[in-house]
>>> print(open('upload.cif').read())   # mmCIF, C-alpha atoms and all ligand atoms
data_entry
#
loop_
_atom_site.label_atom_id
_atom_site.label_comp_id
_atom_site.auth_asym_id
_atom_site.auth_seq_id
_atom_site.Cartn_x
_atom_site.Cartn_y
_atom_site.Cartn_z
CA MET A 1 -81.63 46.25 -116.09
CA GLY A 2 -84.87 44.89 -114.68
CA LYS A 3 -87.50 42.32 -113.82
CA ALA A 4 -90.54 41.21 -115.80
CA LEU A 5 -93.49 39.14 -114.67
CA ILE A 6 -94.85 37.16 -117.63
CA ILE A 7 -98.38 35.80 -117.24
CA GLY A 8 -99.37 32.80 -119.39
CA CYS A 9 -97.14 30.05 -120.70
CA GLY A 10 -98.71 29.16 -124.06
CA GLY A 11 -97.50 29.53 -127.64
CA VAL A 12 -96.88 33.28 -127.62
CA ALA A 13 -95.45 33.40 -124.09
CA SER A 14 -92.96 30.65 -124.88
CA VAL A 15 -91.46 32.73 -127.72
CA ALA A 16 -91.47 35.95 -125.67
CA ILE A 17 -89.71 34.14 -122.81
CA HIS A 18 -87.05 32.70 -125.17
CA LYS A 19 -86.50 36.23 -126.49
CA CYS A 20 -86.28 37.77 -122.98
CA CYS A 21 -83.58 35.20 -122.20
CA GLN A 22 -81.69 36.12 -125.38
CA ASN A 23 -81.96 39.75 -124.23
CA SER A 24 -80.61 39.13 -120.74
CA ASP A 25 -78.94 42.55 -120.40
CA VAL A 26 -82.46 44.00 -120.24
CA PHE A 27 -84.36 41.06 -118.73
CA GLU A 28 -82.10 40.18 -115.81
CA GLU A 29 -84.88 38.39 -113.98
CA ILE A 30 -88.22 37.01 -115.11
CA MET A 31 -91.04 35.22 -113.40
CA ILE A 32 -93.25 32.94 -115.51
CA ALA A 33 -96.65 32.58 -113.87
CA SER A 34 -99.57 30.71 -115.36
CA ARG A 35 -102.56 28.52 -114.57
CA THR A 36 -100.59 25.30 -115.17
CA LYS A 37 -97.29 25.65 -113.31
CA SER A 38 -95.79 22.48 -114.83
CA LYS A 39 -95.63 24.25 -118.22
CA CYS A 40 -93.71 27.14 -116.62
CA ASP A 41 -91.31 24.71 -114.92
CA ALA A 42 -90.71 22.81 -118.18
CA LEU A 43 -89.83 26.04 -119.96
CA LYS A 44 -87.59 27.16 -117.10
CA GLU A 45 -85.78 23.82 -117.30
CA LYS A 46 -85.25 24.24 -121.05
CA LEU A 47 -83.89 27.78 -120.67
CA SER A 48 -81.83 27.38 -117.53
CA GLY A 49 -78.14 27.95 -117.96
CA GLY A 50 -78.59 31.37 -119.54
CA LYS A 51 -77.93 34.68 -117.82
CA THR A 52 -81.59 35.57 -117.14
CA LYS A 53 -82.68 34.35 -113.72
CA ILE A 54 -86.02 32.53 -114.01
CA GLN A 55 -88.63 31.84 -111.33
CA THR A 56 -92.03 30.23 -111.82
CA ALA A 57 -95.39 30.43 -110.05
CA GLN A 58 -98.94 29.20 -110.28
CA VAL A 59 -101.54 31.95 -110.67
CA ASN A 60 -105.19 32.23 -111.57
CA ALA A 61 -105.16 35.48 -113.50
CA ASP A 62 -108.94 35.85 -113.15
CA ASN A 63 -108.32 36.56 -109.47
CA VAL A 64 -107.07 40.09 -108.74
CA ASP A 65 -105.99 39.34 -105.15
CA GLU A 66 -103.81 36.42 -106.26
CA LEU A 67 -102.22 38.64 -108.89
CA ILE A 68 -101.58 41.45 -106.40
CA ALA A 69 -99.95 39.02 -103.97
CA LEU A 70 -97.70 37.67 -106.73
CA ILE A 71 -96.70 41.13 -107.95
CA GLU A 72 -95.96 42.29 -104.40
CA LYS A 73 -93.79 39.26 -103.80
CA PHE A 74 -91.77 39.46 -107.04
CA ARG A 75 -91.84 43.28 -107.47
CA PRO A 76 -91.45 43.35 -111.29
CA ASP A 77 -90.81 46.53 -113.30
CA VAL A 78 -93.40 45.40 -115.86
CA VAL A 79 -96.14 42.80 -116.18
CA LEU A 80 -96.35 41.20 -119.63
CA ASN A 81 -99.81 39.69 -120.06
CA LEU A 82 -99.65 36.72 -122.44
CA ALA A 83 -102.63 34.83 -121.04
CA LEU A 84 -105.97 35.17 -122.86
CA PRO A 85 -107.96 38.35 -123.62
CA TYR A 86 -110.40 37.41 -120.83
CA GLN A 87 -107.72 38.20 -118.22
CA ASP A 88 -106.78 41.72 -119.42
CA LEU A 89 -108.89 43.66 -116.92
CA THR A 90 -108.02 41.66 -113.81
CA ILE A 91 -104.32 41.99 -114.65
CA MET A 92 -104.72 45.74 -115.25
CA ASP A 93 -106.49 46.03 -111.89
CA ALA A 94 -103.58 44.29 -110.17
CA CYS A 95 -101.07 46.56 -111.95
CA LEU A 96 -103.01 49.62 -110.75
CA ALA A 97 -103.10 48.37 -107.17
CA THR A 98 -99.33 47.76 -107.19
CA LYS A 99 -98.32 50.68 -109.48
CA THR A 100 -96.67 48.39 -112.03
CA HIS A 101 -96.42 48.96 -115.80
CA TYR A 102 -98.61 46.72 -118.01
CA VAL A 103 -98.15 45.31 -121.55
CA ASP A 104 -100.42 42.95 -123.55
CA THR A 105 -101.02 41.68 -127.09
CA ALA A 106 -104.81 41.42 -127.39
CA ASN A 107 -107.72 43.56 -126.26
CA TYR A 108 -110.23 42.53 -123.64
CA GLU A 109 -113.03 40.23 -124.67
CA PRO A 110 -115.86 39.26 -122.31
CA PRO A 111 -115.97 35.44 -122.10
CA ASP A 112 -119.70 35.28 -122.88
CA THR A 113 -119.85 37.59 -125.92
CA ALA A 114 -117.52 37.33 -128.91
CA LYS A 115 -116.96 41.05 -129.02
CA PHE A 116 -113.50 42.46 -128.74
CA GLU A 117 -113.23 46.21 -128.28
CA TYR A 118 -110.83 48.64 -126.64
CA LYS A 119 -113.48 50.53 -124.68
CA TRP A 120 -113.02 48.51 -121.50
CA GLN A 121 -109.25 49.03 -121.43
CA TRP A 122 -109.28 52.66 -122.63
CA ALA A 123 -111.56 53.36 -119.66
CA TYR A 124 -108.50 52.79 -117.39
CA LYS A 125 -106.62 55.78 -118.87
CA ASP A 126 -107.25 58.27 -116.04
CA ARG A 127 -106.48 55.73 -113.35
CA PHE A 128 -103.18 54.72 -114.99
CA GLU A 129 -102.29 58.40 -115.44
CA LYS A 130 -102.95 59.14 -111.79
CA ALA A 131 -100.98 56.10 -110.68
CA GLY A 132 -98.05 57.25 -112.87
CA ILE A 133 -97.84 53.95 -114.76
CA THR A 134 -97.95 52.96 -118.42
CA ALA A 135 -100.28 50.45 -120.05
CA LEU A 136 -99.13 49.48 -123.54
CA LEU A 137 -101.96 47.74 -125.39
CA GLY A 138 -101.62 45.32 -128.28
CA SER A 139 -97.87 44.76 -128.59
CA GLY A 140 -98.04 41.66 -130.79
CA PHE A 141 -97.89 41.64 -134.58
CA ASP A 142 -101.45 42.47 -135.52
CA PRO A 143 -102.24 44.42 -133.42
CA GLY A 144 -98.77 45.60 -132.59
CA VAL A 145 -96.25 45.78 -135.40
CA THR A 146 -99.04 46.91 -137.76
CA GLY A 147 -99.54 49.99 -135.52
CA VAL A 148 -95.79 50.62 -135.28
CA PHE A 149 -95.52 50.33 -139.09
CA THR A 150 -98.31 52.90 -139.40
CA ALA A 151 -96.65 55.36 -137.01
CA TYR A 152 -93.37 54.87 -138.90
CA ALA A 153 -95.00 55.41 -142.33
CA LEU A 154 -96.65 58.60 -141.04
CA LYS A 155 -93.47 59.88 -139.43
CA HIS A 156 -91.13 59.25 -142.37
CA HIS A 157 -93.16 58.99 -145.59
CA PHE A 158 -96.48 60.84 -145.51
CA ASP A 159 -98.07 64.17 -144.63
CA VAL A 160 -101.37 62.32 -144.43
CA ILE A 161 -102.29 58.63 -144.66
CA GLU A 162 -105.70 58.22 -146.28
CA GLN A 163 -105.98 54.46 -146.73
CA ILE A 164 -104.50 51.50 -144.88
CA ASP A 165 -104.83 47.88 -145.97
CA ILE A 166 -103.43 45.41 -143.46
CA LEU A 167 -102.63 42.08 -145.11
CA ASP A 168 -101.95 38.99 -143.02
CA ALA A 169 -100.86 35.95 -145.03
CA ASN A 170 -99.94 32.57 -143.69
CA ALA A 171 -98.63 30.20 -146.33
CA GLY A 172 -97.64 27.63 -143.71
CA ASP A 173 -98.69 24.02 -144.16
CA HIS A 174 -98.94 21.83 -141.02
CA GLY A 175 -100.28 18.79 -142.85
CA TYR A 176 -103.51 18.52 -140.81
CA PRO A 177 -106.85 18.93 -142.61
CA PHE A 178 -107.89 21.47 -139.95
CA ALA A 179 -106.03 23.17 -137.10
CA THR A 180 -105.63 26.73 -135.86
CA ASN A 181 -102.27 28.43 -135.47
CA PHE A 182 -103.00 30.00 -132.13
CA ASN A 183 -105.52 29.41 -129.36
CA PRO A 184 -108.41 27.74 -131.32
CA GLU A 185 -111.14 29.33 -129.21
CA ILE A 186 -109.85 32.87 -129.76
CA ASN A 187 -109.03 32.20 -133.42
CA ILE A 188 -112.45 30.75 -134.29
CA ARG A 189 -114.32 33.48 -132.39
CA GLU A 190 -112.41 35.98 -134.52
CA VAL A 191 -112.98 34.44 -137.94
CA THR A 192 -116.63 33.45 -137.52
CA ALA A 193 -117.62 36.97 -136.46
CA LYS A 194 -119.02 39.51 -138.94
CA GLY A 195 -116.40 41.45 -140.87
CA SER A 196 -116.12 45.22 -140.77
CA TYR A 197 -113.97 48.07 -142.00
CA TRP A 198 -113.66 51.76 -141.33
CA GLU A 199 -114.68 54.22 -144.04
CA ASP A 200 -115.39 57.96 -143.93
CA GLY A 201 -115.88 58.06 -140.18
CA ARG A 202 -118.06 54.98 -139.73
CA TRP A 203 -117.96 51.20 -139.57
CA ILE A 204 -119.22 49.20 -142.55
CA GLU A 205 -120.28 45.72 -141.48
CA THR A 206 -120.04 42.67 -143.76
CA GLU A 207 -121.12 39.06 -143.45
CA PRO A 208 -118.31 36.73 -142.29
CA MET A 209 -115.90 36.15 -145.23
CA GLU A 210 -118.13 38.15 -147.58
CA ILE A 211 -115.30 40.17 -149.17
CA LYS A 212 -112.61 38.16 -150.89
CA ARG A 213 -109.54 39.32 -152.82
CA VAL A 214 -106.53 37.57 -154.31
CA TYR A 215 -103.17 39.16 -153.52
CA ASN A 216 -99.73 38.31 -154.86
CA PHE A 217 -97.65 38.40 -151.66
CA PRO A 218 -93.90 38.99 -151.86
CA GLU A 219 -92.01 35.71 -151.18
CA ILE A 220 -95.28 33.76 -150.90
CA GLY A 221 -97.19 34.25 -154.15
CA PRO A 222 -100.92 34.64 -154.83
CA LYS A 223 -103.33 33.81 -152.00
CA ASP A 224 -107.05 34.17 -151.35
CA MET A 225 -107.65 36.63 -148.55
CA TYR A 226 -110.82 37.72 -146.77
CA LEU A 227 -111.86 40.90 -145.03
CA LEU A 228 -112.19 40.52 -141.24
CA HIS A 229 -112.78 42.87 -138.37
CA HIS A 230 -109.55 43.20 -136.42
CA GLU A 231 -108.82 45.07 -133.25
CA GLU A 232 -106.19 47.50 -134.54
CA LEU A 233 -108.76 49.02 -136.92
CA GLU A 234 -110.41 50.63 -133.91
CA SER A 235 -107.27 52.22 -132.48
CA LEU A 236 -105.84 53.27 -135.85
CA ALA A 237 -109.14 54.95 -136.79
CA LYS A 238 -108.86 56.95 -133.55
CA ASN A 239 -105.13 57.66 -133.60
CA ILE A 240 -104.26 58.33 -137.27
CA PRO A 241 -105.58 61.78 -138.23
CA GLY A 242 -107.12 62.06 -141.69
CA VAL A 243 -107.38 58.34 -142.38
CA ARG A 244 -110.43 57.65 -144.56
CA ARG A 245 -110.42 53.88 -144.92
CA ILE A 246 -108.81 51.00 -142.99
CA ARG A 247 -109.31 47.37 -143.93
CA PHE A 248 -107.86 44.10 -142.66
CA PHE A 249 -107.47 40.96 -144.79
CA MET A 250 -106.33 37.51 -143.74
CA THR A 251 -105.56 34.52 -145.97
CA PHE A 252 -107.42 31.25 -145.53
CA SER A 253 -107.15 28.10 -147.61
CA GLN A 254 -110.24 26.57 -149.18
CA SER A 255 -109.80 23.50 -146.97
CA TYR A 256 -109.77 25.60 -143.77
CA LEU A 257 -112.93 27.43 -144.82
CA THR A 258 -114.76 24.24 -145.81
CA HIS A 259 -114.00 22.64 -142.44
CA LEU A 260 -114.98 25.79 -140.58
CA LYS A 261 -118.28 26.08 -142.47
CA CYS A 262 -119.11 22.49 -141.65
CA LEU A 263 -118.24 22.95 -137.95
CA GLU A 264 -120.34 26.10 -137.88
CA ASN A 265 -123.28 24.42 -139.60
CA VAL A 266 -123.37 21.65 -137.01
CA GLY A 267 -123.11 24.12 -134.13
CA MET A 268 -119.58 23.30 -132.97
CA THR A 269 -118.32 26.89 -133.07
CA SER A 270 -121.06 28.24 -130.81
CA ILE A 271 -120.15 29.88 -127.49
CA GLU A 272 -123.66 29.31 -126.08
CA PRO A 273 -123.46 26.61 -123.37
CA ILE A 274 -125.45 23.43 -124.08
CA GLU A 275 -126.52 20.57 -121.82
CA PHE A 276 -124.48 17.39 -122.39
CA GLU A 277 -124.89 14.30 -120.21
CA GLY A 278 -126.14 16.41 -117.31
CA LYS A 279 -123.33 18.97 -117.64
CA LYS A 280 -123.15 22.38 -119.30
CA ILE A 281 -120.51 22.56 -122.00
CA VAL A 282 -119.55 25.27 -124.49
CA PRO A 283 -119.31 23.66 -127.96
CA LEU A 284 -116.35 25.84 -129.01
CA GLN A 285 -114.41 24.87 -125.87
CA PHE A 286 -115.11 21.21 -126.59
CA LEU A 287 -113.91 21.72 -130.17
CA LYS A 288 -110.71 23.28 -128.81
CA ALA A 289 -110.13 20.12 -126.79
CA VAL A 290 -110.30 17.85 -129.86
CA LEU A 291 -108.24 20.03 -132.21
CA PRO A 292 -104.44 19.80 -132.36
CA ASP A 293 -102.73 21.95 -129.73
CA PRO A 294 -101.23 24.90 -131.65
CA ALA A 295 -97.95 24.27 -129.78
CA SER A 296 -97.73 20.86 -131.47
CA LEU A 297 -97.78 22.39 -134.96
CA GLY A 298 -94.26 23.82 -134.67
CA PRO A 299 -92.24 20.86 -135.93
CA ARG A 300 -94.75 20.12 -138.73
CA THR A 301 -95.31 23.57 -140.21
CA LYS A 302 -93.43 24.52 -143.36
CA GLY A 303 -93.62 27.76 -145.36
CA LYS A 304 -93.72 31.44 -144.52
CA THR A 305 -95.92 34.20 -143.20
CA ASN A 306 -96.08 37.67 -144.69
CA ILE A 307 -97.81 40.35 -142.61
CA GLY A 308 -97.75 44.02 -143.52
CA CYS A 309 -99.57 47.22 -144.37
CA ILE A 310 -100.10 49.08 -147.63
CA TYR A 311 -100.52 52.83 -147.23
CA THR A 312 -101.96 55.34 -149.65
CA GLY A 313 -101.73 59.00 -148.84
CA LYS A 314 -100.09 62.29 -149.73
CA LYS A 315 -96.57 63.61 -149.45
CA ASP A 316 -95.81 67.16 -150.60
CA GLY A 317 -99.19 67.27 -152.36
CA LYS A 318 -98.55 64.11 -154.40
CA VAL A 319 -100.28 60.72 -154.07
CA LYS A 320 -97.94 58.12 -152.65
CA HIS A 321 -98.11 54.36 -151.98
CA TYR A 322 -95.93 52.52 -149.47
CA TYR A 323 -95.86 48.90 -148.33
CA LEU A 324 -94.13 47.74 -145.13
CA TYR A 325 -94.05 44.04 -144.34
CA ASN A 326 -92.25 41.20 -142.62
CA VAL A 327 -91.71 37.68 -143.93
CA CYS A 328 -91.16 34.99 -141.31
CA ASP A 329 -90.25 31.36 -141.98
CA HIS A 330 -92.03 28.72 -139.86
CA GLN A 331 -89.10 26.28 -139.85
CA GLU A 332 -86.51 28.92 -139.02
CA SER A 333 -88.66 30.09 -136.10
CA TYR A 334 -88.99 26.53 -134.93
CA ARG A 335 -85.24 25.94 -135.11
CA GLU A 336 -84.58 29.09 -133.09
CA VAL A 337 -87.21 28.95 -130.33
CA GLY A 338 -89.21 25.75 -130.83
CA SER A 339 -92.39 27.47 -132.09
CA GLN A 340 -93.93 28.20 -135.49
CA ALA A 341 -94.05 31.67 -137.04
CA ILE A 342 -97.49 32.71 -135.74
CA SER A 343 -96.32 32.52 -132.14
CA TYR A 344 -92.92 33.92 -133.17
CA THR A 345 -94.34 37.00 -134.89
CA THR A 346 -96.38 37.77 -131.74
CA GLY A 347 -93.84 36.82 -129.06
CA VAL A 348 -90.99 38.93 -130.44
CA PRO A 349 -92.96 42.23 -130.44
CA ALA A 350 -94.33 41.37 -126.98
CA MET A 351 -90.76 41.17 -125.67
CA ILE A 352 -89.85 44.41 -127.49
CA GLY A 353 -92.86 46.27 -126.04
CA ALA A 354 -91.99 45.09 -122.52
CA MET A 355 -88.36 46.12 -123.05
CA LEU A 356 -89.25 49.65 -124.25
CA VAL A 357 -91.63 50.20 -121.34
CA MET A 358 -89.16 48.77 -118.86
CA ASN A 359 -86.17 50.83 -120.05
CA GLY A 360 -88.25 54.01 -120.09
CA THR A 361 -88.19 54.60 -123.88
CA TRP A 362 -91.94 54.08 -124.10
CA GLN A 363 -93.06 55.18 -120.65
CA LYS A 364 -95.93 57.67 -120.41
CA PRO A 365 -98.51 57.48 -117.62
CA GLY A 366 -101.84 56.38 -119.08
CA VAL A 367 -103.19 53.71 -121.43
CA TYR A 368 -101.80 53.73 -124.97
CA ASN A 369 -101.78 51.76 -128.19
CA VAL A 370 -98.44 51.16 -129.87
CA GLU A 371 -98.97 53.72 -132.66
CA GLU A 372 -99.04 56.50 -130.04
CA PHE A 373 -95.31 56.14 -129.31
CA ASP A 374 -92.20 56.99 -131.38
CA PRO A 375 -91.94 54.01 -133.76
CA ASP A 376 -88.19 54.25 -134.47
CA PRO A 377 -86.82 52.33 -131.46
CA PHE A 378 -89.38 49.56 -132.04
CA MET A 379 -88.54 49.37 -135.76
CA ASP A 380 -84.82 49.05 -134.93
CA ALA A 381 -85.57 46.36 -132.36
CA LEU A 382 -87.62 44.35 -134.91
CA ASN A 383 -84.55 44.16 -137.16
CA LYS A 384 -82.35 43.20 -134.25
CA TRP A 385 -84.59 40.61 -132.60
CA GLY A 386 -85.68 38.45 -135.54
CA LEU A 387 -88.45 40.22 -137.45
CA PRO A 388 -86.66 42.31 -140.10
CA TRP A 389 -89.01 44.48 -142.14
CA ARG A 390 -88.98 45.30 -145.81
CA GLU A 391 -90.47 48.19 -147.76
CA SER A 392 -91.76 48.80 -151.27
CA PHE A 393 -92.67 52.13 -152.88
CA ASN A 394 -94.48 50.53 -155.79
CA PRO A 395 -96.72 47.82 -154.29
CA GLU A 396 -99.56 45.97 -155.95
CA LEU A 397 -102.70 47.63 -154.53
CA VAL A 398 -105.86 45.91 -153.27
CA ASP A 399 -109.00 47.06 -155.13
P1 LIG B 401 -102.39 29.81 -125.51
O1 LIG B 401 -103.75 29.25 -125.31
O2 LIG B 401 -101.33 28.99 -126.17
O3 LIG B 401 -101.79 30.28 -124.08
C1 LIG B 401 -102.56 30.96 -123.15
C2 LIG B 401 -101.86 30.79 -121.80
O4 LIG B 401 -102.59 31.54 -120.83
C3 LIG B 401 -101.83 29.35 -121.33
O5 LIG B 401 -100.57 29.10 -120.76
C4 LIG B 401 -102.93 29.32 -120.28
O6 LIG B 401 -102.73 28.39 -119.24
C5 LIG B 401 -102.81 30.71 -119.70
N1 LIG B 401 -104.05 31.07 -119.03
C6 LIG B 401 -105.32 31.02 -119.52
N2 LIG B 401 -106.20 31.40 -118.57
C7 LIG B 401 -105.47 31.71 -117.48
C8 LIG B 401 -105.80 32.16 -116.19
N3 LIG B 401 -107.07 32.38 -115.80
N4 LIG B 401 -104.80 32.36 -115.30
C9 LIG B 401 -103.51 32.14 -115.64
N5 LIG B 401 -103.13 31.71 -116.85
C10 LIG B 401 -104.10 31.50 -117.76
O7 LIG B 401 -102.59 31.18 -126.28
P2 LIG B 401 -101.54 31.94 -127.24
O8 LIG B 401 -100.18 31.90 -126.63
O9 LIG B 401 -101.76 31.49 -128.62
O10 LIG B 401 -102.11 33.43 -127.15
C11 LIG B 401 -101.78 34.28 -126.05
C12 LIG B 401 -102.35 35.68 -126.29
O11 LIG B 401 -101.78 36.25 -127.45
C13 LIG B 401 -103.87 35.69 -126.52
O12 LIG B 401 -104.41 36.78 -125.82
C14 LIG B 401 -104.01 35.90 -128.00
O13 LIG B 401 -105.22 36.55 -128.33
C15 LIG B 401 -102.81 36.80 -128.25
N6 LIG B 401 -102.36 36.81 -129.67
C16 LIG B 401 -102.07 38.05 -130.21
C17 LIG B 401 -101.63 38.13 -131.52
C18 LIG B 401 -101.20 39.44 -132.07
O14 LIG B 401 -100.60 39.46 -133.14
N7 LIG B 401 -101.43 40.56 -131.42
C19 LIG B 401 -101.52 36.93 -132.38
C20 LIG B 401 -101.76 35.69 -131.68
C21 LIG B 401 -102.20 35.65 -130.37
P3 LIG B 401 -102.93 26.80 -119.45
O15 LIG B 401 -101.60 26.36 -119.93
O16 LIG B 401 -103.29 26.28 -118.11
O17 LIG B 401 -104.01 26.62 -120.48
#
>>> encode(input="upload.cif", output="structure tokens")
Amino acid sequence: MGKALIIGCGGVASVAIHKCCQNSDVFEEIMIASRTKSKCDALKEKLSGGKTKIQTAQVNADNVDELIALIEKFRPDVVLNLALPYQDLTIMDACLATKTHYVDTANYEPPDTAKFEYKWQWAYKDRFEKAGITALLGSGFDPGVTGVFTAYALKHHFDVIEQIDILDANAGDHGYPFATNFNPEINIREVTAKGSYWEDGRWIETEPMEIKRVYNFPEIGPKDMYLLHHEELESLAKNIPGVRRIRFFMTFSQSYLTHLKCLENVGMTSIEPIEFEGKKIVPLQFLKAVLPDPASLGPRTKGKTNIGCIYTGKKDGKVKHYYLYNVCDHQESYREVGSQAISYTTGVPAMIGAMLVMNGTWQKPGVYNVEEFDPDPFMDALNKWGLPWRESFNPELVD
């Protein structure tokens, strides 16, 4: 059916590319373009022999002209941005210049401030509308599937959703005392930031990890989880009418938190450059270099993830609760695509988002978050492409 340009060749991209190749009726041709071309070539080598035709290229996605040249040469139907949040705006600029649809999994974050917000990308709405192209923002799991789940719950189960609790549990064990499951720099910026949640029309800010709950997750069991700010809170607060409270919780083990606290206390998680042997270095980037590469965790990680949303609202005047979630097994993901479940749960929805934009199901000129489209085709695709969802009408609630 079409051609996709995939930018980035890290943990998430590798899964999305495997999935595009499994879905070769839709993804007839792909180009994998990233900063380090050898990674793209290695993946191409691994996947060659399938029906999807694969090309590779080197690109610096911070450079709009390079991106435009690449897009003009390959002429893709969609660009799937699986590089880092820092590249979102340059890639959107290149899509505008070439009138090409755009999909990503994480909102823009300026490199020098740990502040992720949608405002920079939402500001492109008029220009995408005028150019007649679609930008689909945040088509990973969280954000991504969590927004699709919410649109589905609203469409099929509620007249109004009043409360949303998004619960992200990882019960995987990789055997290292400390490692992050996706890009360490992005992950640590996220978890060391202040927490916040949406209530009655405003943001309530908390200290990092200030709010803790224990939740008994289906198929995983009880886990400590902590309230974090997370990017989908911002778009759901805007797009779900009548919602009064939205919170996001993620599980962390005591060992992870102890290591993180220690690294923080000694200054290793800082993004302020420091002088070291006559050179400026960013402590967090140095830390990334000494931590295990998330891609190397795949063969070692055992256990499951459970990510989902608990909704409270009203249907026909009565209070109703509804829980939608997915359970993903690290080892099964690894056997299928050579990556653990964190990359898997992001890469599969990235492929699905690109597919729905490419085949026209989710095309609408402008800039949109996933919950603004009809959730049904995405929900069907999750079941088909490896992330089956489950539902419960009587869930344990979070106080
Ligand atoms: P990785 O660090 O594994 O991969 C990032 C890739 O982007 C690497 O291949 C890297 O190249 C490439 N890259 C970085 N900078 C540039 C650049 N300037 N030009 C070209 N390529 C570049 O990250 P992940 O795969 O873990 O994460 C990818 C994205 O997915 C991130 O934005 C992350 O925030 C998001 N994510 C979203 C989730 C969700 O549920 N929505 C969950 C997890 C992640 P090189 O190989 O040279 O380093």
>>> residues_near_point(input="upload.cif", point="(-102.4, 57.2, -137.8)", cutoff="9 Å", atoms="all atoms listed in the file", output="PDB file with C-alpha atoms, in the frame of the given file")
ATOM      1  CA  GLY A 147     -99.540  49.990-135.520  1.00  0.00           C
ATOM      2  CA  THR A 150     -98.310  52.900-139.400  1.00  0.00           C
ATOM      3  CA  ALA A 151     -96.650  55.360-137.010  1.00  0.00           C
ATOM      4  CA  ALA A 153     -95.000  55.410-142.330  1.00  0.00           C
ATOM      5  CA  LEU A 154     -96.650  58.600-141.040  1.00  0.00           C
ATOM      6  CA  VAL A 160    -101.370  62.320-144.430  1.00  0.00           C
ATOM      7  CA  ILE A 161    -102.290  58.630-144.660  1.00  0.00           C
ATOM      8  CA  SER A 235    -107.270  52.220-132.480  1.00  0.00           C
ATOM      9  CA  LEU A 236    -105.840  53.270-135.850  1.00  0.00           C
ATOM     10  CA  ALA A 237    -109.140  54.950-136.790  1.00  0.00           C
ATOM     11  CA  LYS A 238    -108.860  56.950-133.550  1.00  0.00           C
ATOM     12  CA  ASN A 239    -105.130  57.660-133.600  1.00  0.00           C
ATOM     13  CA  ILE A 240    -104.260  58.330-137.270  1.00  0.00           C
ATOM     14  CA  PRO A 241    -105.580  61.780-138.230  1.00  0.00           C
ATOM     15  CA  GLY A 242    -107.120  62.060-141.690  1.00  0.00           C
ATOM     16  CA  VAL A 243    -107.380  58.340-142.380  1.00  0.00           C
ATOM     17  CA  GLU A 371     -98.970  53.720-132.660  1.00  0.00           C
ATOM     18  CA  GLU A 372     -99.040  56.500-130.040  1.00  0.00           C
TER      19      GLU A 372
END
>>> residues_near_ligand(input="upload.cif", ligand="ligand LIG 401 (chain B)", cutoff="7 Å", atoms="all atoms listed in the file", output="ChimeraX atom specification")
/A:7-13,34-36,39,59-62,82-85,87,105-106,138-144,182-183,186,294-295,342-343,345-346
>>> atom_distance(input="upload.cif", atom1="CA of Val15 in chain A", atom2="CA of Ile220 in chain A")
23.5 Å
>>> atom_distance(input="upload.cif", atom1="CA of His156 in chain A", atom2="CA of Gln363 in chain A")
22.2 Å
>>> closest_atom_pairs(input="upload.cif", of="range 170-224 of chain A", to="range 379-399 of chain A", cutoff="12 Å", atoms="only C-alpha atoms", output="Markdown table")
| residue | atom | partner | partner_atom | distance |
| --- | --- | --- | --- | --- |
| A:Ile211 | CA | A:Asp399 | CA | 11.1 |
| A:Lys212 | CA | A:Asp399 | CA | 10.5 |
| A:Arg213 | CA | A:Val398 | CA | 7.6 |
| A:Val214 | CA | A:Val398 | CA | 8.4 |
| A:Tyr215 | CA | A:Val398 | CA | 7.3 |
| A:Asn216 | CA | A:Glu396 | CA | 7.7 |
| A:Phe217 | CA | A:Glu396 | CA | 8.9 |
| A:Pro218 | CA | A:Pro395 | CA | 9.6 |
| A:Glu219 | CA | A:Arg390 | CA | 11.4 |
| A:Pro222 | CA | A:Glu396 | CA | 11.5 |
| A:Asp224 | CA | A:Val398 | CA | 12.0 |
>>> residues_around(input="upload.cif", residues="Phe373 in chain A", least_positions_apart="3", cutoff="10 Å", atoms="only C-alpha atoms", output="ChimeraX atom specification")
/A:136,147-148,151-152,361-364,368-370,376-378
>>> closest_residue(input="upload.cif", among="A:Cys262, A:Met250, A:Leu297, A:Cys20", to="Asn181 in chain A", atoms="all atoms listed in the file")
A:Leu297
>>> closest_residue(input="upload.cif", among="A:Arg247, A:Tyr176, A:Trp198, A:Met358", to="Ser296 in chain A", atoms="only C-alpha atoms")
A:Tyr176
>>> closest_residue(input="upload.cif", among="A:Ala193, A:Val103, A:Ala179, A:Ile246", to="Ile91 in chain A", atoms="all atoms listed in the file")
A:Val103
>>> residues_around(input="upload.cif", residues="range 73-80 of chain A", least_positions_apart="5", cutoff="7 Å", atoms="only C-alpha atoms", output="NGL selection string")
:A and (2-7 or 100-104 or 354 or 358)
>>> write_last_selection(input="upload.cif", atoms="C-alpha atoms", output="PDB file, keeping the file's coordinate frame")
ATOM      1  CA  GLY A   2     -84.870  44.890-114.680  1.00  0.00           C
ATOM      2  CA  LYS A   3     -87.500  42.320-113.820  1.00  0.00           C
ATOM      3  CA  ALA A   4     -90.540  41.210-115.800  1.00  0.00           C
ATOM      4  CA  LEU A   5     -93.490  39.140-114.670  1.00  0.00           C
ATOM      5  CA  ILE A   6     -94.850  37.160-117.630  1.00  0.00           C
ATOM      6  CA  ILE A   7     -98.380  35.800-117.240  1.00  0.00           C
ATOM      7  CA  THR A 100     -96.670  48.390-112.030  1.00  0.00           C
ATOM      8  CA  HIS A 101     -96.420  48.960-115.800  1.00  0.00           C
ATOM      9  CA  TYR A 102     -98.610  46.720-118.010  1.00  0.00           C
ATOM     10  CA  VAL A 103     -98.150  45.310-121.550  1.00  0.00           C
ATOM     11  CA  ASP A 104    -100.420  42.950-123.550  1.00  0.00           C
ATOM     12  CA  ALA A 354     -91.990  45.090-122.520  1.00  0.00           C
ATOM     13  CA  MET A 358     -89.160  48.770-118.860  1.00  0.00           C
TER      14      MET A 358
END
